[in-house]
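Okay, so here's the structure we're looking at.
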Amino acid sequence: MTDYDVLRVFCGPNGGYGNELGVVRDGSVLPERADRQALAGKLGFSETVFVDDPERGVIDIYTPTLRLPFAGHPCVGTAWLLDVPELVTPAGVVGTRLDGEFTWIEARAEWAPPRTLRQYGTAAEVDALDVPPPGEWVYAWAWEDEAAGRVRARAFPGRDDGIDEDEATGAAALLLTERLGRALNIVQGRGSQILTAPQPHGWIEVGGRVFLER
């Protein structure tokens with residue numbers, strides 16, 4: 001069995017929740033895309049990362065069924081694990097920084113896959129949602145406190161790959177931040193926390209807590 005680490009990314013203030021991430025630190029053990037895809041499917045995490053150059057931060061990201069040019073929580077988790085100034089993804093170079101309990105990445109909204117950002121009137125409406133049928137990637141959100149930038153969100157990938165709800169989704173948070181044009185403090189899923197902040201020239205920072213699970 002290929003060695004891999006399991007992280008939880010975008011954890012809540014008490015260290016709970018967060019989205020699990022598999023990271024294969026030595027990507028050279030599985031150089032072929034088909035083999036990487038097969039392992040990502042077997043592990044069943046929402047994403048699995050293969051590190052192809054730990055010093056330069058070159059990474060390759062897979063869901064259980066497809067390869068992604070960029071994804072938020074895999075970049076945040078791998079940035080924390082490797083502690084490098086940047087990550088190199090197929091979409092572009094992602095800036096990274098560690099700031100106390102938070103790990104941050106800097107990326108562009110156009111790197112994120114398309115998402116349906118669906119606003120609801122209250123956080124309670126978001127809490128009450130059932131998982132929608134497969135076919136559309138939905139990021140359901142509502143203001144908890146608009147003046148303070150606090151958001152309640154849930155994410156439904158709609159891929160029919162066993163991941164009915166994504167506990168914490170950096171790419172969708174990136175898109176929502178671009179749409180709203182302001183810093184956000186997002187509580188997603190059961191209790192994960194994602195922080196975002198627009199930066200000059202179209203860049204957006206996304207940050208959260210990361211813990212090593214195994």
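Note on naming: chains are A, B, ... as they come in the structure tokens, residues start from 1 per chain, ligands start from 1 in the order shown.
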Practice item. Would you mind listing what lies within 6 Å of Val58 in chain A as an MDAnalysis selection string, with only C-alpha atoms counted and same-chain residues fewer than 2 positions away left out? Key: chainID A and resid 52:53 56 87:88
**Study point:** Which of range 45-170 of chain A DSSP labels alpha helix (DSSP H), written as a list of chain:residue names
**Key:** A:Gly72, A:His73, A:Pro74, A:Cys75, A:Val76, A:Gly77, A:Thr78, A:Ala79, A:Trp80, A:Leu81, A:Leu82, A:Ala123, A:Ala124, A:Glu125, A:Val126, A:Asp127, A:Gly170
With C-alpha atoms retained, export the selected residues as a compact mmCIF listing (two decimals), in the first residue's frame.
# COMPACT_ATOMS: atom_id res chain seq x y z
CA GLY A 72 -8.60 24.98 -2.12
CA HIS A 73 -8.45 22.62 0.84
CA PRO A 74 -5.77 20.39 -0.78
CA CYS A 75 -3.56 23.45 -1.30
CA VAL A 76 -4.07 24.73 2.25
CA GLY A 77 -3.35 21.31 3.73
CA THR A 78 -0.30 20.62 1.58
CA ALA A 79 1.05 24.13 2.26
CA TRP A 80 0.90 23.37 5.97
CA LEU A 81 2.50 19.94 5.56
CA LEU A 82 5.38 21.03 3.30
CA ALA A 123 -28.68 30.14 8.00
CA ALA A 124 -31.51 27.90 9.23
CA GLU A 125 -32.63 27.34 5.64
CA VAL A 126 -29.11 26.21 4.73
CA ASP A 127 -29.02 23.90 7.75
CA GLY A 170 -11.79 26.37 -0.42
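When only C-alpha atoms are used to compute distances to Arg115 in chain A, the closest of the residues A:Gly162, A:Pro200, A:Gly135, A:Gly57 turns out to be A:Gly135.
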Can you list every residue of range 98-170 of chain A that has an atom at most 10 Å from range 16-39 of chain A, with its nearest atom pair and the distance in Å to one decimal, using only C-alpha atoms, ordered by chain then number, as a tab-separated table?
residue	atom	partner	partner_atom	distance
A:Asp166	CA	A:Asn19	CA	7.4
A:Glu167	CA	A:Asn19	CA	5.3
A:Ala168	CA	A:Asn19	CA	5.4
A:Thr169	CA	A:Asn19	CA	8.1
Review point. At what distance in Å, to one decimal, does CA of Asn185 in chain A lie from CA of Asn14 in chain A?
Key: 15.7 Å
Show which residues sit within 7 Å of range 62-64 of chain A, as a PDB file with N, CA and C atoms, in the first residue's frame. Count only C-alpha atoms, and ignore same-chain residues fewer than 3 positions away.
ATOM      1  N   GLN A  37      -5.294   8.165 -10.031  1.00  0.00           N
ATOM      2  CA  GLN A  37      -6.753   8.223  -9.987  1.00  0.00           C
ATOM      3  C   GLN A  37      -7.326   7.009  -9.269  1.00  0.00           C
ATOM      4  N   ALA A  40      -6.791   7.487  -5.530  1.00  0.00           N
ATOM      5  CA  ALA A  40      -7.717   8.491  -5.000  1.00  0.00           C
ATOM      6  C   ALA A  40      -9.113   7.911  -4.847  1.00  0.00           C
ATOM      7  N   GLY A  41      -9.535   7.093  -5.817  1.00  0.00           N
ATOM      8  CA  GLY A  41     -10.829   6.442  -5.719  1.00  0.00           C
ATOM      9  C   GLY A  41     -10.889   5.443  -4.577  1.00  0.00           C
ATOM     10  N   GLY A  44     -10.975   7.398  -1.177  1.00  0.00           N
ATOM     11  CA  GLY A  44     -12.316   7.933  -0.996  1.00  0.00           C
ATOM     12  C   GLY A  44     -12.409   9.293  -0.342  1.00  0.00           C
ATOM     13  N   PHE A  45     -11.264   9.997  -0.171  1.00  0.00           N
ATOM     14  CA  PHE A  45     -11.336  11.358   0.339  1.00  0.00           C
ATOM     15  C   PHE A  45     -11.887  12.272  -0.748  1.00  0.00           C
ATOM     16  N   SER A  46     -12.404  13.436  -0.357  1.00  0.00           N
ATOM     17  CA  SER A  46     -12.901  14.357  -1.382  1.00  0.00           C
ATOM     18  C   SER A  46     -11.773  14.765  -2.311  1.00  0.00           C
ATOM     19  N   GLU A  47     -10.538  14.875  -1.790  1.00  0.00           N
ATOM     20  CA  GLU A  47      -9.355  15.051  -2.645  1.00  0.00           C
ATOM     21  C   GLU A  47      -8.154  14.325  -2.064  1.00  0.00           C
ATOM     22  N   THR A  48      -7.270  13.909  -2.959  1.00  0.00           N
ATOM     23  CA  THR A  48      -5.974  13.328  -2.607  1.00  0.00           C
ATOM     24  C   THR A  48      -4.895  14.057  -3.402  1.00  0.00           C
ATOM     25  N   VAL A  49      -3.802  14.403  -2.736  1.00  0.00           N
ATOM     26  CA  VAL A  49      -2.701  15.145  -3.363  1.00  0.00           C
ATOM     27  C   VAL A  49      -1.480  14.240  -3.514  1.00  0.00           C
ATOM     28  N   ARG A  67      -9.224  14.430 -12.082  1.00  0.00           N
ATOM     29  CA  ARG A  67      -8.045  15.242 -11.750  1.00  0.00           C
ATOM     30  C   ARG A  67      -8.444  16.718 -11.776  1.00  0.00           C
ATOM     31  N   LEU A  68      -7.949  17.488 -10.811  1.00  0.00           N
ATOM     32  CA  LEU A  68      -8.277  18.910 -10.712  1.00  0.00           C
ATOM     33  C   LEU A  68      -7.029  19.762 -10.931  1.00  0.00           C
ATOM     34  N   ASP A 161     -20.035  10.362  -6.705  1.00  0.00           N
ATOM     35  CA  ASP A 161     -18.813   9.592  -6.452  1.00  0.00           C
ATOM     36  C   ASP A 161     -18.675   9.202  -4.985  1.00  0.00           C
TER      37      ASP A 161
END
When DSSP works through the backbone of this structure, what residues of range 92-199 of chain A end up as strand (DSSP E or B), shown as a PDB file with N, CA, C and O atoms, in the first residue's frame?
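The resulting file, part-v5.pdb, is shown below:
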ATOM      1  N   VAL A  93       0.718  29.156 -10.003  1.00  0.00           N
ATOM      2  CA  VAL A  93       1.521  29.142  -8.779  1.00  0.00           C
ATOM      3  C   VAL A  93       0.709  29.752  -7.638  1.00  0.00           C
ATOM      4  O   VAL A  93       0.228  30.890  -7.736  1.00  0.00           O
ATOM      5  N   VAL A  94       0.557  28.998  -6.573  1.00  0.00           N
ATOM      6  CA  VAL A  94      -0.238  29.388  -5.414  1.00  0.00           C
ATOM      7  C   VAL A  94       0.704  29.875  -4.313  1.00  0.00           C
ATOM      8  O   VAL A  94       1.563  29.125  -3.859  1.00  0.00           O
ATOM      9  N   GLY A  95       0.553  31.110  -3.895  1.00  0.00           N
ATOM     10  CA  GLY A  95       1.333  31.604  -2.766  1.00  0.00           C
ATOM     11  C   GLY A  95       0.849  30.998  -1.463  1.00  0.00           C
ATOM     12  O   GLY A  95      -0.350  30.710  -1.305  1.00  0.00           O
ATOM     13  N   THR A  96       1.741  30.788  -0.504  1.00  0.00           N
ATOM     14  CA  THR A  96       1.353  30.206   0.782  1.00  0.00           C
ATOM     15  C   THR A  96       2.048  30.951   1.914  1.00  0.00           C
ATOM     16  O   THR A  96       3.117  31.525   1.743  1.00  0.00           O
ATOM     17  N   ARG A  97       1.413  30.936   3.070  1.00  0.00           N
ATOM     18  CA  ARG A  97       2.044  31.465   4.279  1.00  0.00           C
ATOM     19  C   ARG A  97       1.391  30.835   5.497  1.00  0.00           C
ATOM     20  O   ARG A  97       0.194  30.511   5.486  1.00  0.00           O
ATOM     21  N   LEU A  98       2.186  30.644   6.540  1.00  0.00           N
ATOM     22  CA  LEU A  98       1.703  30.147   7.815  1.00  0.00           C
ATOM     23  C   LEU A  98       1.701  31.307   8.802  1.00  0.00           C
ATOM     24  O   LEU A  98       2.707  32.011   8.952  1.00  0.00           O
ATOM     25  N   ASP A  99       0.548  31.527   9.454  1.00  0.00           N
ATOM     26  CA  ASP A  99       0.377  32.668  10.345  1.00  0.00           C
ATOM     27  C   ASP A  99      -0.286  32.178  11.621  1.00  0.00           C
ATOM     28  O   ASP A  99      -1.508  32.122  11.716  1.00  0.00           O
ATOM     29  N   PHE A 102      -3.267  29.583  11.644  1.00  0.00           N
ATOM     30  CA  PHE A 102      -3.866  29.533  10.312  1.00  0.00           C
ATOM     31  C   PHE A 102      -2.818  29.368   9.214  1.00  0.00           C
ATOM     32  O   PHE A 102      -1.735  29.956   9.274  1.00  0.00           O
ATOM     33  N   THR A 103      -3.173  28.560   8.221  1.00  0.00           N
ATOM     34  CA  THR A 103      -2.384  28.425   6.997  1.00  0.00           C
ATOM     35  C   THR A 103      -3.172  29.071   5.873  1.00  0.00           C
ATOM     36  O   THR A 103      -4.374  28.821   5.721  1.00  0.00           O
ATOM     37  N   TRP A 104      -2.472  29.897   5.066  1.00  0.00           N
ATOM     38  CA  TRP A 104      -3.122  30.673   4.012  1.00  0.00           C
ATOM     39  C   TRP A 104      -2.551  30.329   2.649  1.00  0.00           C
ATOM     40  O   TRP A 104      -1.361  30.063   2.514  1.00  0.00           O
ATOM     41  N   ILE A 105      -3.429  30.347   1.652  1.00  0.00           N
ATOM     42  CA  ILE A 105      -2.984  30.303   0.259  1.00  0.00           C
ATOM     43  C   ILE A 105      -3.506  31.551  -0.445  1.00  0.00           C
ATOM     44  O   ILE A 105      -4.491  32.156  -0.006  1.00  0.00           O
ATOM     45  N   GLU A 106      -2.839  31.934  -1.523  1.00  0.00           N
ATOM     46  CA  GLU A 106      -3.280  33.046  -2.355  1.00  0.00           C
ATOM     47  C   GLU A 106      -3.466  32.517  -3.770  1.00  0.00           C
ATOM     48  O   GLU A 106      -2.524  32.004  -4.369  1.00  0.00           O
ATOM     49  N   ALA A 107      -4.689  32.640  -4.280  1.00  0.00           N
ATOM     50  CA  ALA A 107      -5.023  32.048  -5.576  1.00  0.00           C
ATOM     51  C   ALA A 107      -5.981  32.972  -6.306  1.00  0.00           C
ATOM     52  O   ALA A 107      -6.374  34.033  -5.809  1.00  0.00           O
ATOM     53  N   ARG A 108      -6.393  32.549  -7.489  1.00  0.00           N
ATOM     54  CA  ARG A 108      -7.287  33.345  -8.325  1.00  0.00           C
ATOM     55  C   ARG A 108      -8.606  32.602  -8.539  1.00  0.00           C
ATOM     56  O   ARG A 108      -8.619  31.376  -8.725  1.00  0.00           O
ATOM     57  N   THR A 116     -22.246  26.449  -8.665  1.00  0.00           N
ATOM     58  CA  THR A 116     -23.489  27.200  -8.527  1.00  0.00           C
ATOM     59  C   THR A 116     -23.540  27.756  -7.109  1.00  0.00           C
ATOM     60  O   THR A 116     -23.640  26.997  -6.141  1.00  0.00           O
ATOM     61  N   LEU A 117     -23.409  29.078  -6.983  1.00  0.00           N
ATOM     62  CA  LEU A 117     -23.480  29.731  -5.677  1.00  0.00           C
ATOM     63  C   LEU A 117     -24.930  30.128  -5.429  1.00  0.00           C
ATOM     64  O   LEU A 117     -25.460  31.032  -6.076  1.00  0.00           O
ATOM     65  N   ARG A 118     -25.583  29.450  -4.497  1.00  0.00           N
ATOM     66  CA  ARG A 118     -27.021  29.622  -4.300  1.00  0.00           C
ATOM     67  C   ARG A 118     -27.273  30.231  -2.922  1.00  0.00           C
ATOM     68  O   ARG A 118     -27.031  29.598  -1.893  1.00  0.00           O
ATOM     69  N   GLN A 119     -27.755  31.473  -2.924  1.00  0.00           N
ATOM     70  CA  GLN A 119     -27.986  32.173  -1.665  1.00  0.00           C
ATOM     71  C   GLN A 119     -29.360  31.859  -1.098  1.00  0.00           C
ATOM     72  O   GLN A 119     -30.358  31.786  -1.828  1.00  0.00           O
ATOM     73  N   VAL A 138     -23.320  22.498  -6.131  1.00  0.00           N
ATOM     74  CA  VAL A 138     -24.042  23.593  -5.480  1.00  0.00           C
ATOM     75  C   VAL A 138     -23.333  24.009  -4.190  1.00  0.00           C
ATOM     76  O   VAL A 138     -23.031  23.173  -3.331  1.00  0.00           O
ATOM     77  N   TYR A 139     -23.080  25.312  -4.075  1.00  0.00           N
ATOM     78  CA  TYR A 139     -22.595  25.902  -2.825  1.00  0.00           C
ATOM     79  C   TYR A 139     -23.725  26.739  -2.253  1.00  0.00           C
ATOM     80  O   TYR A 139     -24.035  27.825  -2.756  1.00  0.00           O
ATOM     81  N   ALA A 140     -24.386  26.206  -1.242  1.00  0.00           N
ATOM     82  CA  ALA A 140     -25.524  26.870  -0.618  1.00  0.00           C
ATOM     83  C   ALA A 140     -25.024  27.736   0.535  1.00  0.00           C
ATOM     84  O   ALA A 140     -24.281  27.261   1.398  1.00  0.00           O
ATOM     85  N   TRP A 141     -25.463  28.998   0.558  1.00  0.00           N
ATOM     86  CA  TRP A 141     -24.941  29.890   1.592  1.00  0.00           C
ATOM     87  C   TRP A 141     -25.986  30.920   2.001  1.00  0.00           C
ATOM     88  O   TRP A 141     -26.946  31.178   1.277  1.00  0.00           O
ATOM     89  N   ALA A 142     -25.768  31.480   3.195  1.00  0.00           N
ATOM     90  CA  ALA A 142     -26.619  32.549   3.702  1.00  0.00           C
ATOM     91  C   ALA A 142     -25.792  33.385   4.668  1.00  0.00           C
ATOM     92  O   ALA A 142     -24.827  32.904   5.276  1.00  0.00           O
ATOM     93  N   TRP A 143     -26.179  34.622   4.806  1.00  0.00           N
ATOM     94  CA  TRP A 143     -25.532  35.473   5.802  1.00  0.00           C
ATOM     95  C   TRP A 143     -25.965  35.052   7.203  1.00  0.00           C
ATOM     96  O   TRP A 143     -27.156  34.880   7.468  1.00  0.00           O
ATOM     97  N   GLU A 144     -24.996  34.886   8.098  1.00  0.00           N
ATOM     98  CA  GLU A 144     -25.296  34.808   9.530  1.00  0.00           C
ATOM     99  C   GLU A 144     -25.248  36.199  10.141  1.00  0.00           C
ATOM    100  O   GLU A 144     -26.047  36.535  11.011  1.00  0.00           O
ATOM    101  N   ASP A 145     -24.278  36.992   9.687  1.00  0.00           N
ATOM    102  CA  ASP A 145     -24.133  38.381  10.118  1.00  0.00           C
ATOM    103  C   ASP A 145     -23.455  39.122   8.972  1.00  0.00           C
ATOM    104  O   ASP A 145     -22.231  39.081   8.830  1.00  0.00           O
ATOM    105  N   ARG A 150     -19.960  37.251   8.275  1.00  0.00           N
ATOM    106  CA  ARG A 150     -20.081  35.856   8.696  1.00  0.00           C
ATOM    107  C   ARG A 150     -21.111  35.132   7.856  1.00  0.00           C
ATOM    108  O   ARG A 150     -22.245  35.604   7.686  1.00  0.00           O
ATOM    109  N   VAL A 151     -20.699  33.971   7.320  1.00  0.00           N
ATOM    110  CA  VAL A 151     -21.503  33.215   6.361  1.00  0.00           C
ATOM    111  C   VAL A 151     -21.709  31.783   6.860  1.00  0.00           C
ATOM    112  O   VAL A 151     -20.798  31.175   7.440  1.00  0.00           O
ATOM    113  N   ARG A 152     -22.888  31.253   6.623  1.00  0.00           N
ATOM    114  CA  ARG A 152     -23.176  29.827   6.822  1.00  0.00           C
ATOM    115  C   ARG A 152     -23.254  29.177   5.453  1.00  0.00           C
ATOM    116  O   ARG A 152     -23.938  29.685   4.551  1.00  0.00           O
ATOM    117  N   ALA A 153     -22.559  28.053   5.259  1.00  0.00           N
ATOM    118  CA  ALA A 153     -22.523  27.430   3.932  1.00  0.00           C
ATOM    119  C   ALA A 153     -22.514  25.910   4.037  1.00  0.00           C
ATOM    120  O   ALA A 153     -22.073  25.329   5.035  1.00  0.00           O
ATOM    121  N   ARG A 154     -23.013  25.276   2.973  1.00  0.00           N
ATOM    122  CA  ARG A 154     -22.883  23.836   2.777  1.00  0.00           C
ATOM    123  C   ARG A 154     -22.581  23.596   1.302  1.00  0.00           C
ATOM    124  O   ARG A 154     -22.992  24.385   0.440  1.00  0.00           O
ATOM    125  N   ALA A 155     -21.859  22.520   1.013  1.00  0.00           N
ATOM    126  CA  ALA A 155     -21.405  22.259  -0.355  1.00  0.00           C
ATOM    127  C   ALA A 155     -21.818  20.865  -0.790  1.00  0.00           C
ATOM    128  O   ALA A 155     -21.581  19.884  -0.078  1.00  0.00           O
ATOM    129  N   PHE A 156     -22.414  20.790  -1.986  1.00  0.00           N
ATOM    130  CA  PHE A 156     -22.907  19.536  -2.534  1.00  0.00           C
ATOM    131  C   PHE A 156     -22.275  19.319  -3.906  1.00  0.00           C
ATOM    132  O   PHE A 156     -22.699  19.925  -4.897  1.00  0.00           O
ATOM    133  N   ASP A 166     -19.525  18.076   0.794  1.00  0.00           N
ATOM    134  CA  ASP A 166     -18.121  18.395   1.042  1.00  0.00           C
ATOM    135  C   ASP A 166     -18.057  19.235   2.310  1.00  0.00           C
ATOM    136  O   ASP A 166     -18.665  20.305   2.387  1.00  0.00           O
ATOM    137  N   LEU A 184     -14.467  37.209   4.261  1.00  0.00           N
ATOM    138  CA  LEU A 184     -15.541  36.380   4.800  1.00  0.00           C
ATOM    139  C   LEU A 184     -15.010  35.456   5.893  1.00  0.00           C
ATOM    140  O   LEU A 184     -13.855  35.018   5.856  1.00  0.00           O
ATOM    141  N   ASN A 185     -15.901  35.152   6.830  1.00  0.00           N
ATOM    142  CA  ASN A 185     -15.659  34.151   7.864  1.00  0.00           C
ATOM    143  C   ASN A 185     -16.773  33.123   7.717  1.00  0.00           C
ATOM    144  O   ASN A 185     -17.917  33.375   8.091  1.00  0.00           O
ATOM    145  N   ILE A 186     -16.439  31.974   7.111  1.00  0.00           N
ATOM    146  CA  ILE A 186     -17.442  30.995   6.690  1.00  0.00           C
ATOM    147  C   ILE A 186     -17.439  29.796   7.637  1.00  0.00           C
ATOM    148  O   ILE A 186     -16.378  29.204   7.899  1.00  0.00           O
ATOM    149  N   VAL A 187     -18.609  29.441   8.118  1.00  0.00           N
ATOM    150  CA  VAL A 187     -18.798  28.161   8.809  1.00  0.00           C
ATOM    151  C   VAL A 187     -19.487  27.230   7.826  1.00  0.00           C
ATOM    152  O   VAL A 187     -20.606  27.499   7.371  1.00  0.00           O
ATOM    153  N   GLN A 188     -18.801  26.154   7.464  1.00  0.00           N
ATOM    154  CA  GLN A 188     -19.324  25.230   6.452  1.00  0.00           C
ATOM    155  C   GLN A 188     -19.506  23.842   7.038  1.00  0.00           C
ATOM    156  O   GLN A 188     -18.795  23.436   7.965  1.00  0.00           O
ATOM    157  N   SER A 192     -16.850  23.362  10.184  1.00  0.00           N
ATOM    158  CA  SER A 192     -15.541  23.782   9.683  1.00  0.00           C
ATOM    159  C   SER A 192     -15.519  25.298   9.502  1.00  0.00           C
ATOM    160  O   SER A 192     -16.559  25.925   9.286  1.00  0.00           O
ATOM    161  N   GLN A 193     -14.319  25.895   9.568  1.00  0.00           N
ATOM    162  CA  GLN A 193     -14.183  27.341   9.432  1.00  0.00           C
ATOM    163  C   GLN A 193     -13.207  27.679   8.319  1.00  0.00           C
ATOM    164  O   GLN A 193     -12.091  27.159   8.274  1.00  0.00           O
ATOM    165  N   ILE A 194     -13.632  28.580   7.422  1.00  0.00           N
ATOM    166  CA  ILE A 194     -12.809  29.053   6.312  1.00  0.00           C
ATOM    167  C   ILE A 194     -12.785  30.573   6.369  1.00  0.00           C
ATOM    168  O   ILE A 194     -13.838  31.217   6.442  1.00  0.00           O
ATOM    169  N   LEU A 195     -11.588  31.144   6.328  1.00  0.00           N
ATOM    170  CA  LEU A 195     -11.429  32.593   6.279  1.00  0.00           C
ATOM    171  C   LEU A 195     -10.955  32.994   4.892  1.00  0.00           C
ATOM    172  O   LEU A 195     -10.131  32.297   4.284  1.00  0.00           O
ATOM    173  N   THR A 196     -11.446  34.120   4.387  1.00  0.00           N
ATOM    174  CA  THR A 196     -11.003  34.604   3.079  1.00  0.00           C
ATOM    175  C   THR A 196     -10.779  36.112   3.136  1.00  0.00           C
ATOM    176  O   THR A 196     -11.350  36.803   3.984  1.00  0.00           O
ATOM    177  N   ALA A 197      -9.980  36.603   2.199  1.00  0.00           N
ATOM    178  CA  ALA A 197      -9.722  38.042   2.129  1.00  0.00           C
ATOM    179  C   ALA A 197      -9.278  38.413   0.721  1.00  0.00           C
ATOM    180  O   ALA A 197      -8.283  37.872   0.224  1.00  0.00           O
ATOM    181  N   PRO A 198      -9.994  39.326   0.033  1.00  0.00           N
ATOM    182  CA  PRO A 198      -9.541  39.792  -1.282  1.00  0.00           C
ATOM    183  C   PRO A 198      -8.203  40.515  -1.166  1.00  0.00           C
ATOM    184  O   PRO A 198      -7.940  41.207  -0.174  1.00  0.00           O
TER     185      PRO A 198
END
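You can rank A:Pro90, A:Gly202, A:Pro132, A:Gly149 by their closest distance to Pro69 in chain A using only C-alpha atoms, and at the top of that list sits A:Pro90.
Distances to Ala147 in chain A were evaluated for A:Ala183, A:Leu175, A:Ala112, A:Val210 using only C-alpha atoms, and the minimum falls at A:Ala183.
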Check your understanding: For Gln199 in chain A, which residue out of A:Arg182, A:Arg214, A:Arg159, A:Arg8 is the nearest one, using only C-alpha atoms?
Key -> A:Arg182
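Among the candidate residues A:Pro157, A:Gly121, A:Pro113, A:Gly181, the one lying nearest to Pro133 in chain A is A:Pro157, with distances computed using only C-alpha atoms.
With distances restricted to only C-alpha atoms, A:Val6 is the closest residue to Leu43 in chain A from A:Cys11, A:Val6, A:Leu129, A:Ala173.
CA of Glu110 in chain A is found 11.7 Å from CA of Arg179 in chain A.
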